[in-house]
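Below is data-v9.csv, which holds CSV, C-alpha atoms and all ligand atoms.
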```csv
chain,number,residue,atom,x,y,z
E,1,MET,CA,87.0,-103.6,69.7
E,2,LEU,CA,84.4,-105.7,71.5
E,3,GLU,CA,85.9,-104.9,74.9
E,4,LYS,CA,83.2,-102.3,75.3
E,5,ALA,CA,79.5,-102.0,74.5
E,6,VAL,CA,78.8,-101.3,70.8
E,7,GLU,CA,76.0,-99.0,69.7
E,8,ILE,CA,74.4,-100.8,66.7
E,9,VAL,CA,71.8,-98.0,66.0
E,10,PRO,CA,71.0,-95.1,68.4
E,11,GLY,CA,69.7,-96.7,71.6
E,12,VAL,CA,70.4,-100.3,70.7
E,13,TYR,CA,73.7,-101.7,72.1
E,14,TRP,CA,75.6,-105.0,71.9
E,15,VAL,CA,76.7,-105.8,75.4
E,16,GLY,CA,77.7,-109.5,74.9
E,17,ALA,CA,80.8,-111.6,75.6
E,18,VAL,CA,83.4,-113.1,73.3
E,19,ASP,CA,84.5,-116.6,74.4
E,20,ARG,CA,87.6,-117.6,72.4
E,21,GLU,CA,88.6,-120.4,74.7
E,22,ARG,CA,85.5,-122.6,74.3
E,23,THR,CA,86.3,-125.6,72.1
E,24,ILE,CA,83.1,-127.6,72.3
E,25,PHE,CA,79.3,-127.0,72.7
E,26,ASP,CA,76.8,-129.4,74.2
E,27,SER,CA,79.8,-131.8,74.5
E,28,PHE,CA,79.3,-132.4,70.8
E,29,MET,CA,79.8,-129.5,68.5
E,30,SER,CA,83.5,-128.5,67.9
E,31,LEU,CA,84.1,-124.8,68.0
E,32,PRO,CA,87.2,-124.1,65.9
E,33,TYR,CA,86.5,-120.3,66.1
E,34,GLY,CA,85.2,-120.1,69.7
E,35,THR,CA,81.8,-118.4,70.1
E,36,THR,CA,80.1,-115.3,71.5
E,37,TYR,CA,77.1,-114.9,73.8
E,38,ASN,CA,75.3,-111.8,72.5
E,39,SER,CA,73.2,-109.7,74.8
E,40,TYR,CA,71.4,-106.5,73.6
E,41,LEU,CA,70.5,-103.4,75.6
E,42,ILE,CA,67.6,-101.4,74.2
E,43,LYS,CA,67.4,-98.0,75.8
E,44,GLY,CA,64.1,-96.2,75.1
E,45,LYS,CA,63.3,-92.7,76.3
E,46,GLY,CA,61.1,-94.1,79.0
E,47,ARG,CA,62.4,-97.6,79.9
E,48,THR,CA,65.3,-99.9,79.3
E,49,ALA,CA,65.3,-103.6,78.4
E,50,LEU,CA,68.1,-106.2,78.2
E,51,VAL,CA,67.4,-108.9,75.6
E,52,ASP,CA,69.0,-112.2,76.6
E,53,THR,CA,72.1,-112.5,78.8
E,54,VAL,CA,75.3,-114.4,78.6
E,55,SER,CA,76.9,-117.6,79.9
E,56,PRO,CA,77.3,-117.3,83.7
E,57,ASP,CA,81.1,-117.4,83.4
E,58,PHE,CA,80.8,-114.0,81.7
E,59,ALA,CA,78.4,-112.3,84.1
E,60,ASP,CA,80.9,-109.7,85.1
E,61,THR,CA,81.6,-108.9,81.4
E,62,LEU,CA,77.9,-108.3,80.8
E,63,LEU,CA,77.4,-106.1,83.9
E,64,LYS,CA,80.5,-104.0,83.0
E,65,LYS,CA,79.2,-103.4,79.5
E,66,VAL,CA,75.6,-102.7,80.6
E,67,SER,CA,77.1,-100.2,83.1
E,68,GLU,CA,78.8,-98.3,80.3
E,69,VAL,CA,75.2,-97.4,79.1
E,70,VAL,CA,72.9,-97.5,82.1
E,71,ALA,CA,73.2,-98.6,85.8
E,72,PRO,CA,72.2,-102.3,85.8
E,73,GLU,CA,70.0,-101.5,88.9
E,74,THR,CA,67.8,-99.4,86.7
E,75,LEU,CA,66.9,-102.0,84.1
E,76,ASP,CA,63.1,-102.3,83.7
E,77,TYR,CA,62.9,-105.5,81.7
E,78,VAL,CA,65.1,-108.5,81.0
E,79,VAL,CA,63.7,-110.4,78.0
E,80,MET,CA,64.5,-114.1,77.9
E,81,ASN,CA,64.0,-115.3,74.3
E,82,HIS,CA,65.4,-118.7,75.3
E,83,ALA,CA,66.1,-120.4,78.6
E,84,GLU,CA,69.3,-122.4,77.8
E,85,PRO,CA,72.1,-121.5,80.2
E,86,ASP,CA,74.4,-119.9,77.6
E,87,HIS,CA,71.8,-117.1,77.3
E,88,ALA,CA,69.8,-117.2,80.5
E,89,GLY,CA,72.4,-118.5,83.0
E,90,THR,CA,73.2,-115.0,84.3
E,91,LEU,CA,69.6,-114.3,85.1
E,92,PRO,CA,69.8,-115.0,88.9
E,93,LYS,CA,72.8,-112.7,89.4
E,94,LEU,CA,71.4,-110.0,87.1
E,95,LEU,CA,67.9,-110.0,88.6
E,96,SER,CA,69.4,-109.8,92.1
E,97,ILE,CA,71.0,-106.6,91.0
E,98,ALA,CA,68.2,-105.2,88.8
E,99,ARG,CA,65.7,-105.6,91.6
E,100,LYS,CA,62.8,-103.8,89.9
E,101,ALA,CA,63.3,-105.5,86.5
E,102,GLN,CA,60.6,-107.9,85.2
E,103,LEU,CA,61.6,-111.0,83.3
E,104,VAL,CA,59.7,-111.1,80.0
E,105,THR,CA,59.3,-114.5,78.4
E,106,THR,CA,56.8,-117.0,77.0
E,107,LYS,CA,54.4,-119.1,79.0
E,108,LYS,CA,56.7,-122.1,78.6
E,109,GLY,CA,59.7,-119.8,79.4
E,110,LEU,CA,58.1,-119.0,82.8
E,111,GLY,CA,58.1,-122.7,83.7
E,112,MET,CA,61.8,-123.0,82.7
E,113,ALA,CA,62.8,-119.8,84.5
E,114,LYS,CA,61.4,-121.4,87.7
E,115,VAL,CA,63.0,-124.8,87.1
E,116,PHE,CA,66.4,-123.7,85.9
E,117,TYR,CA,66.9,-120.4,87.8
E,118,ASP,CA,64.5,-120.3,90.7
E,119,ILE,CA,62.9,-117.0,89.4
E,120,PRO,CA,59.8,-116.3,91.4
E,121,GLU,CA,56.6,-116.1,89.3
E,122,GLU,CA,55.7,-112.6,90.5
E,123,ARG,CA,58.8,-111.3,88.7
E,124,VAL,CA,57.8,-112.7,85.3
E,125,LYS,CA,55.7,-111.0,82.7
E,126,VAL,CA,54.4,-113.6,80.3
E,127,VAL,CA,54.1,-112.6,76.6
E,128,ALA,CA,52.7,-114.3,73.5
E,129,GLY,CA,53.4,-113.8,69.8
E,130,GLY,CA,52.2,-110.3,68.7
E,131,ASP,CA,52.4,-108.7,72.1
E,132,THR,CA,54.3,-105.5,72.4
E,133,LEU,CA,56.2,-103.7,75.1
E,134,SER,CA,56.7,-100.0,75.0
E,135,LEU,CA,60.0,-98.5,76.1
E,136,GLY,CA,58.9,-94.9,75.2
E,137,ASP,CA,60.2,-94.1,71.8
E,138,LYS,CA,61.0,-97.8,71.1
E,139,THR,CA,58.7,-100.8,70.9
E,140,LEU,CA,59.5,-104.4,71.3
E,141,ARG,CA,57.2,-106.9,69.6
E,142,PHE,CA,57.5,-110.6,70.4
E,143,VAL,CA,57.4,-113.2,67.7
E,144,ASP,CA,56.2,-116.7,68.7
E,145,ALA,CA,58.9,-119.1,67.5
E,146,PRO,CA,58.6,-122.4,69.4
E,147,TRP,CA,61.1,-125.3,69.0
E,148,LEU,CA,63.9,-123.2,67.7
E,149,HIS,CA,65.4,-125.1,69.3
E,150,TRP,CA,63.6,-125.5,72.7
E,151,PRO,CA,59.8,-125.4,73.2
E,152,GLU,CA,59.9,-121.9,74.9
E,153,THR,CA,61.8,-120.0,72.3
E,154,MET,CA,60.7,-116.7,70.8
E,155,PHE,CA,62.2,-113.8,68.9
E,156,THR,CA,62.1,-110.1,69.9
E,157,TYR,CA,61.6,-107.5,67.1
E,158,CYS,CA,62.6,-103.9,67.6
E,159,VAL,CA,59.8,-102.2,65.7
E,160,GLU,CA,61.2,-98.7,65.0
E,161,ASP,CA,64.7,-99.9,64.3
E,162,LYS,CA,63.6,-103.0,62.3
E,163,ILE,CA,66.1,-105.2,64.2
E,164,LEU,CA,65.3,-108.9,64.8
E,165,LEU,CA,66.8,-110.4,68.0
E,166,SER,CA,66.5,-114.0,67.1
E,167,CYS,CA,68.6,-115.7,69.8
E,168,ASP,CA,70.0,-119.1,68.4
E,169,PHE,CA,68.1,-118.8,65.1
E,170,PHE,CA,70.5,-117.4,62.5
E,171,GLY,CA,73.5,-117.8,64.9
E,172,ALA,CA,77.0,-119.0,64.2
E,173,HIS,CA,79.7,-120.1,66.6
E,174,VAL,CA,82.3,-117.5,65.6
E,175,ALA,CA,84.3,-115.3,68.0
E,176,SER,CA,85.7,-112.2,66.4
E,177,GLU,CA,86.8,-108.8,67.3
E,178,ARG,CA,84.4,-107.5,64.7
E,179,LEU,CA,80.7,-107.3,65.4
E,180,TYR,CA,79.3,-107.3,61.9
E,181,GLU,CA,79.2,-110.3,59.6
E,182,GLU,CA,80.5,-108.5,56.5
E,183,GLU,CA,83.6,-107.4,58.4
E,184,VAL,CA,84.4,-111.0,59.5
E,185,GLY,CA,84.1,-112.8,56.2
E,186,ASP,CA,82.9,-116.0,54.6
E,187,VAL,CA,83.5,-118.1,57.6
E,188,VAL,CA,80.3,-116.7,59.2
E,189,LEU,CA,77.9,-118.2,56.6
E,190,SER,CA,79.8,-121.5,56.6
E,191,GLU,CA,79.6,-121.7,60.4
E,192,ALA,CA,76.0,-120.6,60.4
E,193,LYS,CA,75.2,-123.6,58.1
E,194,ARG,CA,77.0,-126.0,60.5
E,195,TYR,CA,75.1,-124.4,63.4
E,196,TYR,CA,71.8,-124.7,61.5
E,197,ALA,CA,72.7,-128.4,60.8
E,198,GLU,CA,73.4,-129.2,64.4
E,199,ILE,CA,70.7,-127.2,66.2
E,200,MET,CA,67.8,-126.4,63.8
E,201,MET,CA,67.7,-129.0,61.1
E,202,VAL,CA,65.9,-131.5,63.2
E,203,PHE,CA,63.1,-129.0,63.7
E,204,LEU,CA,62.3,-128.5,60.0
E,205,ASN,CA,58.6,-127.7,60.3
E,206,PRO,CA,59.1,-125.1,63.1
E,207,VAL,CA,62.0,-123.6,61.0
E,208,ARG,CA,59.7,-123.3,57.9
E,209,LYS,CA,56.9,-121.8,60.0
E,210,ALA,CA,59.2,-119.2,61.5
E,211,LEU,CA,60.6,-118.3,58.1
E,212,GLU,CA,57.1,-117.8,56.8
E,213,LYS,CA,56.2,-115.6,59.8
E,214,LEU,CA,59.3,-113.5,59.2
E,215,GLU,CA,58.3,-112.8,55.7
E,216,GLY,CA,55.7,-110.4,57.1
E,217,LEU,CA,58.3,-108.4,59.0
E,218,ASP,CA,60.5,-105.6,57.6
E,219,ILE,CA,63.9,-106.7,58.9
E,220,LYS,CA,66.9,-104.5,58.4
E,221,ILE,CA,69.3,-106.1,60.9
E,222,ILE,CA,69.4,-109.6,62.4
E,223,ALA,CA,71.1,-109.8,65.7
E,224,PRO,CA,71.4,-113.4,66.9
E,225,SER,CA,72.9,-114.6,70.2
E,226,HIS,CA,75.9,-116.3,68.8
E,227,GLY,CA,78.4,-114.8,66.3
E,228,PRO,CA,78.3,-111.7,64.3
E,229,VAL,CA,75.3,-109.4,63.6
E,230,TRP,CA,73.9,-109.6,60.1
E,231,ARG,CA,73.5,-106.1,58.6
E,232,ASN,CA,72.7,-107.7,55.3
E,233,SER,CA,69.7,-109.6,56.8
E,234,ASP,CA,68.7,-111.0,53.4
E,235,LYS,CA,72.0,-113.0,53.2
E,236,ILE,CA,71.1,-115.2,56.2
E,237,LEU,CA,67.4,-115.2,55.5
E,238,GLN,CA,67.9,-116.5,52.0
E,239,ALA,CA,70.5,-119.0,53.2
E,240,TYR,CA,68.0,-120.4,55.8
E,241,ARG,CA,65.3,-120.6,53.0
E,242,ARG,CA,67.7,-122.5,50.8
E,243,TRP,CA,68.6,-124.9,53.6
E,244,ALA,CA,65.0,-125.5,54.8
E,245,ILE,CA,62.9,-125.1,51.6
E,246,GLY,CA,65.2,-124.9,48.6
E,247,PRO,CA,66.1,-127.9,46.3
E,248,LEU,CA,68.7,-130.4,47.5
E,249,ARG,CA,72.0,-130.5,45.6
E,250,PRO,CA,73.1,-133.4,43.4
E,251,ARG,CA,75.6,-134.5,46.0
E,252,VAL,CA,76.2,-137.8,47.8
E,253,VAL,CA,78.0,-138.0,51.2
E,254,ILE,CA,79.9,-141.2,51.8
E,255,ILE,CA,80.7,-142.0,55.5
E,256,TYR,CA,82.9,-144.9,56.0
E,257,VAL,CA,85.7,-146.6,58.0
E,258,SER,CA,88.0,-149.4,57.0
E,259,MET,CA,90.2,-151.8,59.0
E,260,TYR,CA,92.4,-153.5,56.4
E,261,GLY,CA,91.6,-151.4,53.3
E,262,SER,CA,88.8,-153.6,51.8
E,263,THR,CA,86.1,-151.1,52.6
E,264,THR,CA,88.3,-148.3,51.3
E,265,GLU,CA,88.7,-150.0,48.0
E,266,LEU,CA,84.9,-150.4,47.7
E,267,GLU,CA,84.5,-146.7,48.7
E,268,LYS,CA,86.9,-145.5,45.9
E,269,ALA,CA,85.0,-147.5,43.3
E,270,ILE,CA,81.7,-146.1,44.5
E,271,VAL,CA,82.9,-142.5,44.6
E,272,ALA,CA,84.3,-142.8,41.1
E,273,ALA,CA,81.0,-144.3,39.8
E,274,ILE,CA,78.9,-141.5,41.4
E,275,GLN,CA,81.2,-138.9,39.8
E,276,GLU,CA,81.0,-140.6,36.4
E,277,GLU,CA,77.3,-140.0,36.6
E,278,GLY,CA,77.8,-136.3,37.0
E,279,VAL,CA,76.8,-136.2,40.7
E,280,GLU,CA,79.1,-134.8,43.4
E,281,ALA,CA,80.5,-137.3,45.9
E,282,VAL,CA,82.4,-136.4,49.1
E,283,ALA,CA,83.8,-139.1,51.3
E,284,TYR,CA,84.5,-138.9,55.1
E,285,ASN,CA,86.7,-141.4,56.8
E,286,MET,CA,85.4,-141.6,60.4
E,287,LEU,CA,88.9,-142.3,61.6
E,288,SER,CA,89.6,-138.6,61.5
E,289,ALA,CA,86.4,-136.9,60.3
E,290,ASP,CA,84.5,-134.4,62.5
E,291,VAL,CA,80.9,-135.6,62.6
E,292,SER,CA,79.7,-132.0,62.7
E,293,HIS,CA,81.1,-131.3,59.3
E,294,ILE,CA,79.2,-134.3,57.9
E,295,VAL,CA,76.0,-133.0,59.4
E,296,GLN,CA,76.7,-129.7,57.7
E,297,GLU,CA,77.0,-131.5,54.4
E,298,LEU,CA,73.6,-133.2,55.0
E,299,VAL,CA,71.8,-129.9,55.1
E,300,ASP,CA,71.4,-129.9,51.3
E,301,SER,CA,72.9,-133.2,50.1
E,302,SER,CA,70.6,-135.6,48.4
E,303,ALA,CA,71.9,-139.0,49.6
E,304,ILE,CA,74.1,-140.8,52.1
E,305,VAL,CA,76.2,-143.9,51.6
E,306,PHE,CA,77.5,-145.8,54.7
E,307,GLY,CA,80.5,-148.1,54.5
E,308,SER,CA,81.5,-150.3,57.4
E,309,PRO,CA,83.5,-153.4,57.9
E,310,ALA,CA,81.8,-156.0,60.1
E,311,PHE,CA,82.9,-155.6,63.7
E,312,TYR,CA,82.0,-158.8,65.6
E,313,GLY,CA,78.9,-159.2,63.6
E,314,GLY,CA,77.8,-155.6,63.6
E,315,VAL,CA,78.7,-152.1,62.5
E,316,HIS,CA,82.1,-150.7,63.3
E,317,PRO,CA,82.1,-148.6,66.5
E,318,ARG,CA,83.7,-145.6,64.7
E,319,LEU,CA,80.5,-145.3,62.6
E,320,ALA,CA,78.0,-146.1,65.3
E,321,SER,CA,77.6,-142.5,66.7
E,322,SER,CA,77.3,-140.9,63.3
E,323,ILE,CA,74.5,-143.4,62.4
E,324,GLU,CA,72.6,-142.5,65.6
E,325,LEU,CA,73.2,-138.8,65.0
E,326,ILE,CA,71.9,-138.9,61.4
E,327,ARG,CA,68.9,-140.9,62.6
E,328,THR,CA,68.2,-138.2,65.2
E,329,ILE,CA,68.7,-135.1,63.0
E,330,LYS,CA,66.6,-136.3,60.1
E,331,PRO,CA,68.3,-134.7,57.1
E,332,ARG,CA,66.0,-133.9,54.1
E,333,GLY,CA,68.0,-136.2,51.7
E,334,LYS,CA,67.0,-139.7,52.8
E,335,THR,CA,68.2,-141.7,49.8
E,336,MET,CA,70.7,-144.2,51.1
E,337,ALA,CA,73.0,-147.1,50.2
E,338,ILE,CA,75.1,-149.3,52.4
E,339,PHE,CA,78.3,-151.3,51.7
E,340,GLY,CA,80.9,-153.1,53.6
E,341,SER,CA,83.3,-156.0,53.9
E,342,TYR,CA,83.8,-158.8,56.3
E,343,GLY,CA,86.3,-161.5,57.4
E,344,TRP,CA,84.2,-164.6,58.4
E,345,ALA,CA,80.6,-163.3,58.7
E,346,GLY,CA,78.9,-160.0,57.7
E,347,GLY,CA,76.5,-158.0,59.8
E,348,ALA,CA,77.3,-154.3,59.5
E,349,VAL,CA,75.0,-153.7,56.5
E,350,LYS,CA,72.2,-155.5,58.2
E,351,GLU,CA,72.6,-153.5,61.4
E,352,ILE,CA,72.8,-150.1,59.6
E,353,LYS,CA,69.7,-151.0,57.6
E,354,ALA,CA,67.8,-152.0,60.8
E,355,ARG,CA,68.7,-148.7,62.5
E,356,LEU,CA,67.9,-146.4,59.6
E,357,GLN,CA,65.1,-147.9,57.5
E,358,PRO,CA,62.5,-147.5,60.3
E,359,ALA,CA,63.5,-143.8,60.6
E,360,GLY,CA,62.4,-143.2,57.0
E,361,PHE,CA,65.6,-143.6,55.1
E,362,ASP,CA,65.1,-145.1,51.6
E,363,ILE,CA,67.8,-147.8,51.2
E,364,VAL,CA,68.1,-148.2,47.5
E,365,ASP,CA,71.1,-150.6,47.3
E,366,PHE,CA,73.5,-152.5,49.5
E,367,LEU,CA,76.6,-154.7,49.1
E,368,GLU,CA,78.7,-156.7,51.5
E,369,VAL,CA,81.9,-158.4,50.3
E,370,GLN,CA,84.0,-161.1,52.0
E,371,GLY,CA,87.7,-160.5,52.1
E,372,PRO,CA,89.6,-158.2,49.8
E,373,PRO,CA,87.4,-157.1,46.9
E,374,ARG,CA,88.0,-159.0,43.6
E,375,GLU,CA,87.3,-157.5,40.2
E,376,GLU,CA,83.6,-158.6,40.3
E,377,ASP,CA,83.2,-157.0,43.7
E,378,LEU,CA,84.5,-153.7,42.5
E,379,LYS,CA,82.1,-153.9,39.5
E,380,LYS,CA,79.3,-154.4,42.0
E,381,ALA,CA,80.5,-151.4,44.0
E,382,SER,CA,80.5,-149.3,40.8
E,383,ALA,CA,77.0,-150.5,40.0
E,384,LEU,CA,75.9,-149.4,43.6
E,385,GLY,CA,77.5,-146.0,43.0
E,386,LYS,CA,75.8,-145.6,39.6
E,387,ASN,CA,72.5,-146.7,41.1
E,388,ILE,CA,72.5,-144.2,43.9
E,389,ALA,CA,73.7,-141.4,41.5
E,390,ARG,CA,70.7,-142.2,39.2
E,391,LYS,CA,68.3,-142.2,42.1
E,392,VAL,CA,69.6,-138.8,43.1
E,393,LYS,CA,69.1,-137.4,39.6
E,394,GLU,CA,65.6,-138.9,39.4
E,395,SER,CA,64.7,-137.3,42.8
E,396,LEU,CA,66.0,-133.9,41.7
E,397,VAL,CA,64.0,-134.1,38.5
E,398,ARG,CA,60.8,-134.9,40.5
E,399,GLU,CA,61.4,-131.8,42.7
E,400,PHE,CA,61.0,-129.5,39.8
E,501,LIG,FE1,72.7,-120.9,72.4
E,501,LIG,FE2,70.1,-123.0,72.7
E,501,LIG,O1,71.5,-121.9,73.3
```
As C-alpha cells, the full file:
Amino acid sequence: MLEKAVEIVPGVYWVGAVDRERTIFDSFMSLPYGTTYNSYLIKGKGRTALVDTVSPDFADTLLKKVSEVVAPETLDYVVMNHAEPDHAGTLPKLLSIARKAQLVTTKKGLGMAKVFYDIPEERVKVVAGGDTLSLGDKTLRFVDAPWLHWPETMFTYCVEDKILLSCDFFGAHVASERLYEEEVGDVVLSEAKRYYAEIMMVFLNPVRKALEKLEGLDIKIIAPSHGPVWRNSDKILQAYRRWAIGPLRPRVVIIYVSMYGSTTELEKAIVAAIQEEGVEAVAYNMLSADVSHIVQELVDSSAIVFGSPAFYGGVHPRLASSIELIRTIKPRGKTMAIFGSYGWAGGAVKEIKARLQPAGFDIVDFLEVQGPPREEDLKKASALGKNIARKVKESLVREF
C-alpha cells in the first residue's frame, strides 16, 4: 500500500519511505518494527512544497513518489523542519534536481544546512515562528519548536487542512504497510512512548512549551516524520501531556544484575516488599534487558532502584551504561534506592551514589551485603523496599 504516494487530504500527500530492515537508531535504540522516514508533499494551486525528506538511502524512493504527483524539478520549496540526516540527508540530491526550489528553515537550520549539506545561503529562506508561506490556496505556518530534539527544530502547520507536520515530535519507529495509526494498532502508542523516552524526555521544558503552544492551534491530523499518521490527533497530544505534565504512576523500576545470585535474592525481597505496600514494581535484569524499554518505563514511573554486585570495588559493567543513560535523560521520577552484594569489599553502592546524587536523584535508602544474604539481610532488603514504596506514596500525595 505504501509503494506509492498516498493522498491524505486533497493536495497533501505522504511521499515517504518504509525501512523494514533497520534494526537500530543512533547506534542505541533498538527498532523491532523498523521505521519510516515520512516526507509530505503539499500541492497548492500556485506553488508546491515538500516538507522534510528521507534518509539518503531512500532518495530514489522519495523522487519516485514525488514524481507521481509533480515533476521534482518543479518544486518551489523544500521545508526542513529538522536537519538530522534521516530527514534532511537527501537535500543535496533533491536540490540539485529541484534547481529553483528554496530551502525553508529556521535561522539555526540555515547554519546546519551549510555545515551538514553544503547548501549555499542564497538558496535558503529563513523563517521564524508565526511566519507563513502561501502556496496559493494552501498556507504553511511555521511553529517555533527548538530543542525537539535539536536546536534548529520547528513544526509546519497546514492552515487550511489543519495538519501539523511535527517531524520527530509525536513520532514512533514503526514500519507498516498502513499509513494511519488507527489501522496499525496499539503498538504505535507504545512505540511512541519509547520514542518520546529516548529522544524527547531529556528536553522536558521545550516539550512543555511546545505542548502549550500547540493548544492554540486547531489540529485535525498530526503527521510526524517517523511511523504512522495520527488522524486522532488528540490521542497522541493527550499522551504527550500525560508523559510530560501528568502525575507519575505509583511504580518502581528495579534495574539490577547478579553474579552468584546474592543480588537477585535481595532484589526479590525488595520487589515483594514494594508490592506489599500497594506500589507496582517491575524488575529488569541487565543480563538480557533492553535499556530502551527501561527508559520507556521511566517516562511515568516514580522511583528507580539499582542493584549491583561489587565488581573490583565498583559497579558491575552491565549496569554502568544504564546508569549513565539515566543520568543523561533525567527522568521526572528521581526517588532512588541502591542495593548490592559483595565478596571481600563493597563499592558498587558508593559508585552509583556518586554518579547519580549530583545529578539530582534523591537517594532515600541503600544496602550492601557481604556474601549470600542471611535472614537479617533479607529483612533489611524488605525494609528498603517498604521505605521506597512509602516515599513514592508520599510524593504522589504531595502532587495532588
Ligand atoms: Fe528522526 Fe532527529 O531525526
Give me the range 178-282 of chain E side of the contact with range 76-92 of chain E, cut-off 12 Å, one line per residue showing its nearest atom pair and distance in Å at one decimal, counting only C-alpha atoms, sorted by chain and residue number, as CSV.
```
residue,atom,partner,partner_atom,distance
E:Pro224,CA,E:Asn81,CA,10.6
E:Ser225,CA,E:His87,CA,7.6
E:His226,CA,E:His87,CA,9.5
```
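Among the candidate residues E:Phe361, E:Tyr33, E:Leu62, E:Glu122, the one lying nearest to Val187 in chain E is E:Tyr33, with distances computed using all atoms listed in the file.
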Name all residues at most 10 Å from Glu277 in chain E (count all atoms listed in the file; drop same-chain ones fewer than 2 positions away) and give them as a list in words.
Ala272, Ala273, Ile274, Gln275, Val279, Glu280, Gly385, Lys386, Asn387, Ile388, Ala389, Arg390 and Lys393 of chain E
Once you count all atoms listed in the file, which residues end up within 12 Å of ligand LIG 501 (chain E), and could you hand them over as a PDB file with C-alpha atoms, keeping the file's coordinate frame?
```
ATOM      1  CA  PHE E  25      79.300-127.000  72.700  1.00  0.00           C
ATOM      2  CA  ASP E  26      76.800-129.400  74.200  1.00  0.00           C
ATOM      3  CA  MET E  29      79.800-129.500  68.500  1.00  0.00           C
ATOM      4  CA  THR E  35      81.800-118.400  70.100  1.00  0.00           C
ATOM      5  CA  THR E  36      80.100-115.300  71.500  1.00  0.00           C
ATOM      6  CA  TYR E  37      77.100-114.900  73.800  1.00  0.00           C
ATOM      7  CA  ASN E  38      75.300-111.800  72.500  1.00  0.00           C
ATOM      8  CA  SER E  39      73.200-109.700  74.800  1.00  0.00           C
ATOM      9  CA  ASP E  52      69.000-112.200  76.600  1.00  0.00           C
ATOM     10  CA  THR E  53      72.100-112.500  78.800  1.00  0.00           C
ATOM     11  CA  VAL E  54      75.300-114.400  78.600  1.00  0.00           C
ATOM     12  CA  SER E  55      76.900-117.600  79.900  1.00  0.00           C
ATOM     13  CA  MET E  80      64.500-114.100  77.900  1.00  0.00           C
ATOM     14  CA  ASN E  81      64.000-115.300  74.300  1.00  0.00           C
ATOM     15  CA  HIS E  82      65.400-118.700  75.300  1.00  0.00           C
ATOM     16  CA  ALA E  83      66.100-120.400  78.600  1.00  0.00           C
ATOM     17  CA  GLU E  84      69.300-122.400  77.800  1.00  0.00           C
ATOM     18  CA  PRO E  85      72.100-121.500  80.200  1.00  0.00           C
ATOM     19  CA  ASP E  86      74.400-119.900  77.600  1.00  0.00           C
ATOM     20  CA  HIS E  87      71.800-117.100  77.300  1.00  0.00           C
ATOM     21  CA  ALA E  88      69.800-117.200  80.500  1.00  0.00           C
ATOM     22  CA  GLY E  89      72.400-118.500  83.000  1.00  0.00           C
ATOM     23  CA  PRO E 146      58.600-122.400  69.400  1.00  0.00           C
ATOM     24  CA  TRP E 147      61.100-125.300  69.000  1.00  0.00           C
ATOM     25  CA  LEU E 148      63.900-123.200  67.700  1.00  0.00           C
ATOM     26  CA  HIS E 149      65.400-125.100  69.300  1.00  0.00           C
ATOM     27  CA  TRP E 150      63.600-125.500  72.700  1.00  0.00           C
ATOM     28  CA  PRO E 151      59.800-125.400  73.200  1.00  0.00           C
ATOM     29  CA  GLU E 152      59.900-121.900  74.900  1.00  0.00           C
ATOM     30  CA  THR E 153      61.800-120.000  72.300  1.00  0.00           C
ATOM     31  CA  MET E 154      60.700-116.700  70.800  1.00  0.00           C
ATOM     32  CA  SER E 166      66.500-114.000  67.100  1.00  0.00           C
ATOM     33  CA  CYS E 167      68.600-115.700  69.800  1.00  0.00           C
ATOM     34  CA  ASP E 168      70.000-119.100  68.400  1.00  0.00           C
ATOM     35  CA  PHE E 169      68.100-118.800  65.100  1.00  0.00           C
ATOM     36  CA  PHE E 170      70.500-117.400  62.500  1.00  0.00           C
ATOM     37  CA  GLY E 171      73.500-117.800  64.900  1.00  0.00           C
ATOM     38  CA  ALA E 172      77.000-119.000  64.200  1.00  0.00           C
ATOM     39  CA  HIS E 173      79.700-120.100  66.600  1.00  0.00           C
ATOM     40  CA  TYR E 195      75.100-124.400  63.400  1.00  0.00           C
ATOM     41  CA  TYR E 196      71.800-124.700  61.500  1.00  0.00           C
ATOM     42  CA  GLU E 198      73.400-129.200  64.400  1.00  0.00           C
ATOM     43  CA  ILE E 199      70.700-127.200  66.200  1.00  0.00           C
ATOM     44  CA  MET E 200      67.800-126.400  63.800  1.00  0.00           C
ATOM     45  CA  PRO E 224      71.400-113.400  66.900  1.00  0.00           C
ATOM     46  CA  SER E 225      72.900-114.600  70.200  1.00  0.00           C
ATOM     47  CA  HIS E 226      75.900-116.300  68.800  1.00  0.00           C
ATOM     48  CA  GLY E 227      78.400-114.800  66.300  1.00  0.00           C
TER      49      GLY E 227
END
```
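The space separating CA of Glu181 in chain E from CA of Leu214 in chain E comes to 20.2 Å.
Compared by their closest atoms to Val143 in chain E, and using only C-alpha atoms, the residues E:Leu204, E:Val70, E:Asp161, E:Lys213 rank with E:Lys213 nearest.
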